[in-house]
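Shown below: query.tsv, with TSV, C-alpha atoms.
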chain	number	residue	atom	x	y	z
A	92	MET	CA	-13.93	15.54	106.57
A	93	LYS	CA	-15.82	18.58	105.28
A	94	LYS	CA	-18.39	20.04	107.68
A	95	PRO	CA	-21.99	20.33	106.43
A	96	SER	CA	-22.80	23.80	105.07
A	97	LEU	CA	-25.61	25.98	106.38
A	98	THR	CA	-27.64	24.96	103.31
A	99	ALA	CA	-27.21	21.29	104.24
A	100	TRP	CA	-28.30	21.93	107.83
A	101	ILE	CA	-31.37	23.87	106.65
A	102	LEU	CA	-32.35	20.98	104.37
A	103	ILE	CA	-31.83	18.54	107.24
A	104	GLY	CA	-34.04	20.72	109.46
A	105	LEU	CA	-36.69	20.87	106.72
A	106	VAL	CA	-36.86	17.10	106.21
A	107	ALA	CA	-36.64	16.35	109.94
A	108	GLY	CA	-39.44	18.85	110.65
A	109	ILE	CA	-41.77	17.21	108.11
A	110	ALA	CA	-41.05	13.75	109.54
A	111	PHE	CA	-41.43	14.88	113.16
A	112	GLY	CA	-44.67	16.77	112.50
A	113	ALA	CA	-46.14	13.75	110.70
A	114	ALA	CA	-45.10	11.26	113.40
A	115	PHE	CA	-45.90	13.42	116.44
A	116	PRO	CA	-48.57	16.00	115.45
A	117	GLN	CA	-49.14	17.44	118.92
A	118	ALA	CA	-45.43	17.74	119.71
A	119	GLY	CA	-44.90	19.18	116.23
A	120	GLN	CA	-47.39	21.98	116.91
A	121	ASN	CA	-45.50	22.79	120.11
A	122	CYS	CA	-42.35	23.27	118.03
A	123	ALA	CA	-43.89	26.42	116.53
A	124	LEU	CA	-42.03	28.34	119.24
A	125	LEU	CA	-38.71	27.62	117.49
A	126	GLY	CA	-39.99	29.08	114.24
A	127	THR	CA	-41.46	32.10	116.03
A	128	ILE	CA	-38.17	32.86	117.81
A	129	PHE	CA	-36.24	32.61	114.53
A	130	LEU	CA	-38.64	34.92	112.69
A	131	ARG	CA	-38.56	37.46	115.53
A	132	LEU	CA	-34.75	37.48	115.48
A	133	ILE	CA	-34.82	38.02	111.73
A	134	LYS	CA	-37.45	40.78	111.85
A	135	VAL	CA	-35.41	42.77	114.35
A	136	ILE	CA	-32.57	42.85	111.80
A	137	VAL	CA	-34.54	44.04	108.77
A	138	ALA	CA	-35.16	47.74	109.56
A	139	PRO	CA	-31.64	48.75	110.72
A	140	LEU	CA	-30.04	46.63	107.97
A	141	ILE	CA	-32.09	48.26	105.17
A	142	PHE	CA	-31.45	51.72	106.59
A	143	GLY	CA	-27.71	51.15	106.96
A	144	THR	CA	-27.11	49.48	103.58
A	145	LEU	CA	-29.32	51.88	101.61
A	146	VAL	CA	-28.00	55.11	103.14
A	147	ALA	CA	-24.38	53.93	102.88
A	148	GLY	CA	-24.98	52.71	99.32
A	149	ILE	CA	-26.58	55.93	98.07
A	150	ALA	CA	-23.99	58.13	99.79
A	151	GLY	CA	-21.26	55.81	98.48
A	152	SER	CA	-22.44	56.21	94.91
A	153	GLY	CA	-21.98	59.95	95.32
A	154	SER	CA	-24.43	60.73	92.54
A	155	LEU	CA	-28.17	61.29	92.51
A	156	LYS	CA	-28.10	60.71	88.76
A	157	THR	CA	-26.63	57.25	89.29
A	158	MET	CA	-29.31	56.26	91.79
A	159	GLY	CA	-32.07	57.60	89.53
A	160	ARG	CA	-30.69	55.54	86.66
A	161	VAL	CA	-30.44	52.41	88.84
A	162	GLY	CA	-34.01	52.90	90.09
A	163	GLY	CA	-35.37	53.35	86.58
A	164	LYS	CA	-33.64	50.22	85.31
A	165	ALA	CA	-34.83	48.22	88.33
A	166	ILE	CA	-38.49	49.24	87.87
A	167	LEU	CA	-38.33	48.47	84.13
A	168	TYR	CA	-36.89	45.02	84.82
A	169	PHE	CA	-39.45	44.35	87.57
A	170	GLU	CA	-42.41	45.12	85.33
A	171	ILE	CA	-41.12	43.04	82.41
A	172	VAL	CA	-40.49	39.96	84.55
A	173	THR	CA	-43.73	40.17	86.58
A	174	THR	CA	-45.77	40.59	83.39
A	175	ILE	CA	-44.18	37.48	81.88
A	176	ALA	CA	-44.89	35.58	85.11
A	177	LEU	CA	-48.52	36.69	84.95
A	178	PHE	CA	-48.92	35.21	81.45
A	179	VAL	CA	-47.15	31.99	82.47
A	180	GLY	CA	-49.68	31.61	85.29
A	181	LEU	CA	-52.60	32.33	82.95
A	182	PHE	CA	-51.35	29.82	80.39
A	183	ALA	CA	-50.81	27.11	83.03
A	184	VAL	CA	-54.21	27.49	84.73
A	185	ASN	CA	-56.08	27.56	81.40
A	186	LEU	CA	-54.17	24.51	80.18
A	187	VAL	CA	-54.54	22.33	83.30
A	188	LYS	CA	-57.93	23.71	84.50
A	189	PRO	CA	-57.42	22.69	88.16
A	190	GLY	CA	-60.70	24.33	89.26
A	191	VAL	CA	-62.98	22.33	86.99
A	192	GLY	CA	-64.96	19.81	89.05
A	193	VAL	CA	-63.98	21.26	92.44
A	194	GLN	CA	-66.96	21.46	94.82
A	195	LEU	CA	-66.91	24.49	97.10
A	196	GLY	CA	-68.36	24.63	100.58
A	197	HIS	CA	-69.96	27.71	102.07
A	198	GLU	CA	-67.27	28.68	104.56
A	199	GLN	CA	-66.32	32.29	105.04
A	200	ALA	CA	-62.72	33.36	104.71
A	201	ALA	CA	-62.32	34.31	108.35
A	202	GLY	CA	-59.65	36.79	109.25
A	203	ILE	CA	-59.08	38.00	105.69
A	204	ALA	CA	-59.86	41.57	104.76
A	205	GLN	CA	-62.47	41.86	102.04
A	206	ALA	CA	-61.55	45.35	100.85
A	207	SER	CA	-59.35	45.88	97.83
A	208	PRO	CA	-56.88	48.75	98.24
A	209	THR	CA	-57.53	51.77	96.04
A	210	PHE	CA	-54.85	53.45	93.89
A	211	ALA	CA	-54.87	56.47	96.22
A	212	SER	CA	-54.39	54.28	99.31
A	213	VAL	CA	-51.50	52.43	97.64
A	214	ILE	CA	-49.71	55.72	96.85
A	215	GLU	CA	-50.44	57.09	100.34
A	216	HIS	CA	-49.08	53.92	101.95
A	217	ILE	CA	-45.67	54.44	100.32
A	218	PHE	CA	-44.85	57.47	102.48
A	219	PRO	CA	-44.34	56.95	106.25
A	220	THR	CA	-45.77	59.29	108.85
A	221	SER	CA	-42.98	58.19	111.20
A	222	ILE	CA	-39.86	56.18	110.43
A	223	PHE	CA	-40.04	54.68	113.92
A	224	ASP	CA	-43.60	53.52	113.29
A	225	ALA	CA	-42.56	52.02	109.93
A	226	MET	CA	-39.63	50.21	111.55
A	227	ALA	CA	-41.80	48.95	114.40
A	228	ARG	CA	-44.27	47.47	111.89
A	229	GLY	CA	-41.52	46.18	109.61
A	230	ASP	CA	-42.97	48.03	106.62
A	231	VAL	CA	-40.17	47.46	104.10
A	232	LEU	CA	-41.47	49.86	101.44
A	233	GLN	CA	-41.81	52.80	103.84
A	234	ILE	CA	-38.34	52.12	105.28
A	235	VAL	CA	-36.90	52.07	101.76
A	236	VAL	CA	-38.56	55.39	100.85
A	237	PHE	CA	-37.32	57.11	104.02
A	238	SER	CA	-33.80	55.67	103.67
A	239	PHE	CA	-33.66	56.64	100.00
A	240	ILE	CA	-34.59	60.29	100.71
A	241	PHE	CA	-32.29	60.32	103.74
A	242	GLY	CA	-29.41	59.01	101.59
A	243	ILE	CA	-30.08	61.68	98.96
A	244	ALA	CA	-29.97	64.32	101.71
A	245	CYS	CA	-26.61	62.94	102.85
A	246	VAL	CA	-25.23	63.27	99.32
A	247	ALA	CA	-26.52	66.84	99.10
A	248	ALA	CA	-25.03	67.72	102.50
A	249	GLY	CA	-21.60	66.57	101.35
A	250	GLU	CA	-18.78	66.43	103.89
A	251	LYS	CA	-21.00	67.52	106.77
A	252	ALA	CA	-22.89	64.24	106.44
A	253	ARG	CA	-19.72	62.12	106.62
A	254	PRO	CA	-20.26	61.10	110.32
A	255	VAL	CA	-23.80	59.95	109.49
A	256	VAL	CA	-22.61	57.99	106.45
A	257	THR	CA	-19.81	56.39	108.47
A	258	PHE	CA	-22.35	55.42	111.13
A	259	SER	CA	-24.59	53.88	108.45
A	260	GLU	CA	-21.68	51.87	107.03
A	261	SER	CA	-20.77	50.62	110.51
A	262	LEU	CA	-24.42	49.84	111.27
A	263	ALA	CA	-24.69	47.74	108.10
A	264	GLU	CA	-21.52	45.79	108.95
A	265	VAL	CA	-22.71	45.14	112.52
A	266	MET	CA	-26.10	43.94	111.29
A	267	PHE	CA	-24.40	41.57	108.81
A	268	LYS	CA	-22.46	40.06	111.74
A	269	PHE	CA	-25.70	39.93	113.74
A	270	THR	CA	-27.28	38.06	110.82
A	271	ASN	CA	-24.46	35.49	110.81
A	272	TYR	CA	-25.16	34.69	114.46
A	273	VAL	CA	-28.92	34.46	113.92
A	274	MET	CA	-28.42	32.13	110.93
A	275	LEU	CA	-26.80	29.59	113.24
A	276	PHE	CA	-30.31	29.13	114.65
A	277	ALA	CA	-31.87	28.82	111.17
A	278	PRO	CA	-31.99	24.97	111.00
A	279	PHE	CA	-33.86	24.88	114.33
A	280	GLY	CA	-36.23	27.65	113.20
A	281	VAL	CA	-36.93	25.83	109.93
A	282	PHE	CA	-37.50	22.57	111.82
A	283	GLY	CA	-39.99	24.21	114.18
A	284	ALA	CA	-41.91	26.07	111.45
A	285	ILE	CA	-42.33	22.99	109.23
A	286	ALA	CA	-43.07	20.60	112.12
A	287	ALA	CA	-45.82	22.94	113.37
A	288	THR	CA	-47.39	23.23	109.91
A	289	VAL	CA	-47.42	19.49	109.25
A	290	GLY	CA	-48.50	18.76	112.84
A	291	GLN	CA	-51.45	21.13	112.59
A	292	LYS	CA	-52.57	20.47	109.01
A	293	GLY	CA	-51.43	16.85	108.69
A	294	VAL	CA	-49.59	15.27	105.79
A	295	GLY	CA	-52.92	15.40	103.99
A	296	VAL	CA	-52.30	19.12	103.40
A	297	LEU	CA	-49.80	17.97	100.80
A	298	LEU	CA	-52.56	16.07	98.95
A	299	ASN	CA	-55.60	18.41	99.21
A	300	LEU	CA	-56.12	20.45	96.09
A	301	GLY	CA	-53.17	18.54	94.65
A	302	LYS	CA	-53.86	19.55	91.07
A	303	LEU	CA	-53.77	23.28	91.89
A	304	ILE	CA	-50.66	22.94	94.05
A	305	ALA	CA	-48.85	20.88	91.40
A	306	THR	CA	-49.80	23.43	88.72
A	307	LEU	CA	-48.42	26.25	90.87
A	308	TYR	CA	-45.13	24.49	91.58
A	309	ILE	CA	-44.63	23.51	87.93
A	310	ALA	CA	-45.45	27.04	86.74
A	311	GLU	CA	-43.08	28.57	89.32
A	312	ALA	CA	-40.37	26.12	88.15
A	313	ILE	CA	-40.93	27.21	84.53
A	314	VAL	CA	-40.52	30.85	85.54
A	315	VAL	CA	-37.30	30.05	87.44
A	316	LEU	CA	-35.80	28.00	84.61
A	317	ALA	CA	-37.05	29.92	81.56
A	318	VAL	CA	-37.53	33.53	82.72
A	319	PHE	CA	-34.87	33.78	85.43
A	320	GLY	CA	-32.49	31.50	83.54
A	321	GLY	CA	-33.02	33.45	80.32
A	322	SER	CA	-32.45	36.76	82.13
A	323	ALA	CA	-29.22	35.45	83.63
A	324	ILE	CA	-27.96	34.23	80.24
A	325	VAL	CA	-28.83	37.49	78.47
A	326	ALA	CA	-27.20	39.54	81.25
A	327	GLN	CA	-24.15	37.22	81.22
A	328	ILE	CA	-24.43	36.34	84.89
A	329	PRO	CA	-22.43	33.25	85.96
A	330	ILE	CA	-25.35	30.97	86.81
A	331	LYS	CA	-23.53	28.35	88.88
A	332	ARG	CA	-21.87	30.97	91.05
A	333	PHE	CA	-25.15	32.89	91.40
A	334	ILE	CA	-26.89	29.71	92.60
A	335	ASP	CA	-24.18	29.21	95.23
A	336	TYR	CA	-24.96	32.62	96.72
A	337	ALA	CA	-28.74	32.63	96.24
A	338	ARG	CA	-29.63	29.12	97.42
A	339	GLU	CA	-29.51	29.82	101.16
A	340	PRO	CA	-31.87	32.85	101.03
A	341	PHE	CA	-34.09	30.77	98.70
A	342	LEU	CA	-34.24	27.86	101.16
A	343	ILE	CA	-34.89	30.17	104.12
A	344	ALA	CA	-37.79	31.77	102.24
A	345	PHE	CA	-39.17	28.40	101.15
A	346	SER	CA	-39.05	26.74	104.56
A	347	THR	CA	-40.38	29.72	106.57
A	348	ALA	CA	-42.69	31.20	103.87
A	349	SER	CA	-41.29	34.58	104.93
A	350	SER	CA	-39.55	37.05	102.62
A	351	GLU	CA	-38.36	39.02	105.64
A	352	ALA	CA	-36.53	35.97	106.98
A	353	ALA	CA	-34.44	35.77	103.80
A	354	LEU	CA	-33.72	39.49	103.32
A	355	PRO	CA	-30.66	39.94	105.57
A	356	LEU	CA	-28.87	36.91	104.10
A	357	ALA	CA	-29.89	37.91	100.56
A	358	LEU	CA	-28.40	41.39	101.03
A	359	GLU	CA	-25.16	39.97	102.41
A	360	ASN	CA	-24.78	37.18	99.85
A	361	MET	CA	-25.49	39.30	96.78
A	362	GLU	CA	-22.89	41.79	97.95
A	363	LYS	CA	-20.43	38.90	98.32
A	364	PHE	CA	-21.46	37.73	94.85
A	365	GLY	CA	-20.06	40.99	93.51
A	366	ALA	CA	-23.01	43.37	93.12
A	367	PRO	CA	-22.14	46.88	94.39
A	368	LYS	CA	-23.46	47.82	97.80
A	369	HIS	CA	-25.51	50.78	96.54
A	370	ILE	CA	-27.27	48.57	93.96
A	371	VAL	CA	-27.96	45.65	96.29
A	372	GLY	CA	-29.10	47.92	99.12
A	373	PHE	CA	-31.56	49.69	96.82
A	374	VAL	CA	-32.80	47.06	94.34
A	375	LEU	CA	-33.40	44.17	96.77
A	376	PRO	CA	-35.63	46.02	99.28
A	377	LEU	CA	-37.41	47.84	96.44
A	378	GLY	CA	-38.14	44.48	94.82
A	379	TYR	CA	-39.96	43.35	97.96
A	380	SER	CA	-42.83	45.61	96.88
A	381	PHE	CA	-42.45	45.84	93.11
A	382	ASN	CA	-40.92	42.52	92.01
A	383	LEU	CA	-43.29	39.90	93.42
A	384	VAL	CA	-42.86	37.40	90.59
A	385	GLY	CA	-43.97	34.35	92.58
A	386	THR	CA	-46.97	36.16	94.05
A	387	THR	CA	-48.07	37.55	90.68
A	388	LEU	CA	-48.01	34.06	89.18
A	389	TYR	CA	-49.94	32.67	92.15
A	390	LEU	CA	-52.61	35.37	91.88
A	391	SER	CA	-53.22	34.61	88.20
A	392	LEU	CA	-53.53	30.90	89.01
A	393	ALA	CA	-55.73	31.31	92.09
A	394	ALA	CA	-58.11	33.87	90.59
A	395	VAL	CA	-58.79	31.84	87.42
A	396	PHE	CA	-59.00	28.67	89.57
A	397	LEU	CA	-61.89	30.27	91.49
A	398	ALA	CA	-63.52	31.27	88.20
A	399	GLN	CA	-63.25	27.68	86.95
A	400	THR	CA	-65.11	26.36	90.00
A	401	GLY	CA	-68.19	28.38	88.98
A	402	ASP	CA	-70.76	27.65	86.30
A	403	HIS	CA	-69.81	30.49	83.98
A	404	PRO	CA	-66.35	30.40	82.35
A	405	MET	CA	-64.43	33.69	82.37
A	406	SER	CA	-63.38	35.06	78.99
A	407	PHE	CA	-59.69	35.62	78.31
A	408	GLY	CA	-60.29	39.37	77.99
A	409	THR	CA	-61.87	39.49	81.45
A	410	GLN	CA	-58.97	37.42	82.79
A	411	LEU	CA	-56.53	40.02	81.46
A	412	VAL	CA	-58.45	42.88	83.11
A	413	MET	CA	-58.51	40.96	86.38
A	414	MET	CA	-54.78	40.23	86.15
A	415	LEU	CA	-53.98	43.91	85.58
A	416	THR	CA	-56.07	44.79	88.63
A	417	LEU	CA	-54.34	42.16	90.77
A	418	MET	CA	-50.87	43.20	89.60
A	419	LEU	CA	-51.46	46.87	90.43
A	420	THR	CA	-53.07	46.31	93.84
A	421	SER	CA	-50.36	43.82	94.87
A	422	LYS	CA	-47.80	46.67	94.90
A	423	GLY	CA	-49.21	48.16	98.09
A	424	VAL	CA	-49.39	45.22	100.48
A	425	ALA	CA	-45.75	44.42	101.27
A	426	GLY	CA	-45.48	43.14	104.84
A	427	VAL	CA	-49.21	42.34	105.14
A	428	PRO	CA	-49.80	38.82	106.54
A	429	ARG	CA	-51.29	36.57	103.86
A	430	ALA	CA	-50.92	39.48	101.44
A	431	ALA	CA	-51.84	37.42	98.36
A	432	LEU	CA	-55.07	36.23	100.00
A	433	VAL	CA	-55.92	39.79	101.03
A	434	ILE	CA	-55.66	40.90	97.40
A	435	LEU	CA	-57.57	37.87	96.17
A	436	ALA	CA	-60.38	38.35	98.69
A	437	GLY	CA	-60.73	41.97	97.66
A	438	THR	CA	-61.06	40.95	94.01
A	439	VAL	CA	-63.71	38.26	94.52
A	440	ALA	CA	-66.74	40.58	94.62
A	441	SER	CA	-65.57	42.78	91.74
A	442	PHE	CA	-65.39	39.88	89.29
A	443	ASN	CA	-68.26	37.75	90.68
A	444	LEU	CA	-65.98	34.95	91.85
A	445	PRO	CA	-67.19	32.47	94.52
A	446	ALA	CA	-66.22	34.03	97.87
A	447	GLU	CA	-66.13	30.66	99.65
A	448	GLY	CA	-63.24	29.66	97.37
A	449	VAL	CA	-60.89	31.95	99.31
A	450	ALA	CA	-61.54	29.88	102.44
A	451	LEU	CA	-60.77	26.74	100.43
A	452	LEU	CA	-57.42	28.18	99.34
A	453	LEU	CA	-56.69	29.28	102.89
A	454	GLY	CA	-56.47	25.62	103.91
A	455	VAL	CA	-53.41	25.04	101.74
A	456	ASP	CA	-52.10	28.60	101.60
A	457	THR	CA	-49.01	27.83	103.68
A	458	LEU	CA	-47.83	25.23	101.18
A	459	MET	CA	-48.40	27.56	98.23
A	460	ASP	CA	-46.92	30.51	100.11
A	461	MET	CA	-43.65	28.59	100.40
A	462	ALA	CA	-43.39	28.40	96.60
A	463	ARG	CA	-44.36	31.98	95.80
A	464	THR	CA	-42.23	33.51	98.59
A	465	SER	CA	-39.07	31.63	97.64
A	466	VAL	CA	-39.50	32.60	93.97
A	467	ASN	CA	-40.03	36.23	95.04
A	468	VAL	CA	-36.73	36.18	96.94
A	469	LEU	CA	-34.83	34.41	94.15
A	470	GLY	CA	-36.21	36.91	91.63
A	471	ASN	CA	-35.07	39.85	93.73
A	472	CYS	CA	-31.58	38.39	94.16
A	473	LEU	CA	-31.38	38.00	90.38
A	474	ALA	CA	-32.74	41.53	89.83
A	475	SER	CA	-29.88	43.03	91.83
A	476	ALA	CA	-27.39	41.06	89.73
A	477	VAL	CA	-29.07	41.98	86.42
A	478	VAL	CA	-29.18	45.70	87.28
A	479	ALA	CA	-25.53	45.52	88.37
A	480	ARG	CA	-24.60	44.01	84.98
A	481	TRP	CA	-26.72	46.70	83.31
A	482	GLU	CA	-24.54	49.21	85.15
A	483	GLY	CA	-21.39	47.60	83.71
A	484	VAL	CA	-20.35	45.38	86.64
A	485	ARG	CA	-18.53	42.17	85.67
A	486	PHE	CA	-18.91	39.16	87.96
A	487	LYS	CA	-16.30	36.53	88.62
A	488	THR	CA	-17.09	33.17	87.00
A	489	ALA	CA	-15.57	31.11	89.82

Let me see the structure of the file written as structure tokens.
Amino acid sequence: MKKPSLTAWILIGLVAGIAFGAAFPQAGQNCALLGTIFLRLIKVIVAPLIFGTLVAGIAGSGSLKTMGRVGGKAILYFEIVTTIALFVGLFAVNLVKPGVGVQLGHEQAAGIAQASPTFASVIEHIFPTSIFDAMARGDVLQIVVFSFIFGIACVAAGEKARPVVTFSESLAEVMFKFTNYVMLFAPFGVFGAIAATVGQKGVGVLLNLGKLIATLYIAEAIVVLAVFGGSAIVAQIPIKRFIDYAREPFLIAFSTASSEAALPLALENMEKFGAPKHIVGFVLPLGYSFNLVGTTLYLSLAAVFLAQTGDHPMSFGTQLVMMLTLMLTSKGVAGVPRAALVILAGTVASFNLPAEGVALLLGVDTLMDMARTSVNVLGNCLASAVVARWEGVRFKTA
């Protein structure tokens, strides 16, 4: 008899967590410890894994020209896909109009920053003052920038850097093994995270603002099927085999609402899928800041939703200006808790949107975060495969 796969156990943990949290709310909230332990174990992997894979990948490519070409192709792909996702979100929210008729209270969005990041602050944030500080905070973008420059320096140093490159390769392999051990705890972590959410919010969280939530999930599904599916077909990526390797990172991201939780497994699985190490190690972490497809779609939905709750409809031209603003500012908040809400809250005043609407969205943000985070991770897995094909890599079909 075939043993259940990790995917099966994660799904079992997900369903069991929902049922347990609904039946025993207080006990379900106490299960949050399991989710916290799992996320902590994952977060401790992220920094050394990115450093090891990226430095080894860049040094392994042996060419700065190659990495520049890969980076250019990745950024081009990111911007095309996120722009399409933005318009899908705009189309969906204007078609369904989930905000029409919604009555807002006068709560304040407690704990959410109200300042929108400036262009200068976004650029400044990219460069770390200390790699140890960036690793301690889990700032993926700063770790990527340092590792990228460090890898370039290794290439320039040539044979003298060989011990450092060998160490990076060994570090990456050790962290992959570390990840395998941590993933054995994943079903319990998923169970605890979901049980705590349902126990605290109640099953009613699945029904509140149902029209908005349903619109988001349908729009995200359209992006996955049409945009991601179309990209895979055009790039001649074997879809069934890709799904086999991407589904576990997708489920981890969905059940924990954490991109970080899925990153180690995504790096390992896409390398097993056949994408070269230097492409996976560069494109995937880079996508965590520049390829937020699910978040971009959510922002377009949520912002226009808030506009629809007011008395004055927002013109399509104003919607486009707001979407461009949201898309640009979203690039600088990787690793920020409730990043999408931070961006949204900072945009409220600029476009005269009802501020109390952010507090309303906060009530169901966890449920929507699950959708946007999992689509972000799936999109980044696909991006590494598409860029690899763009570089001439051929994947096995079975």

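Taking all atoms listed in the file into account, Thr157 in chain A lies nearest to A:Glu482 out of the set A:Glu250, A:Glu264, A:Glu482, A:Glu170.
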
Exercise. Do you know which residues are at most 8 Å from range 311-327 of chain A counting all atoms listed in the file, after dropping those on the same chain fewer than 4 positions away, and could you put them as an MDAnalysis selection string?
Worked result: chainID A and resid 172 175:176 179 307 385 388 462:463 466 470 473 477 480:481

Of A:Met414, A:Met226, A:Leu145, A:Leu167, the one sitting nearest Ala474 in chain A when using only C-alpha atoms is A:Leu167

Restricting to only C-alpha atoms, whichever of A:Val236, A:Ala479, A:Ile222, A:Ala113 is closest to His369 in chain A is A:Ala479

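The coordinates place CA of Val231 in chain A at 16.4 Å from CA of Ala431 in chain A.
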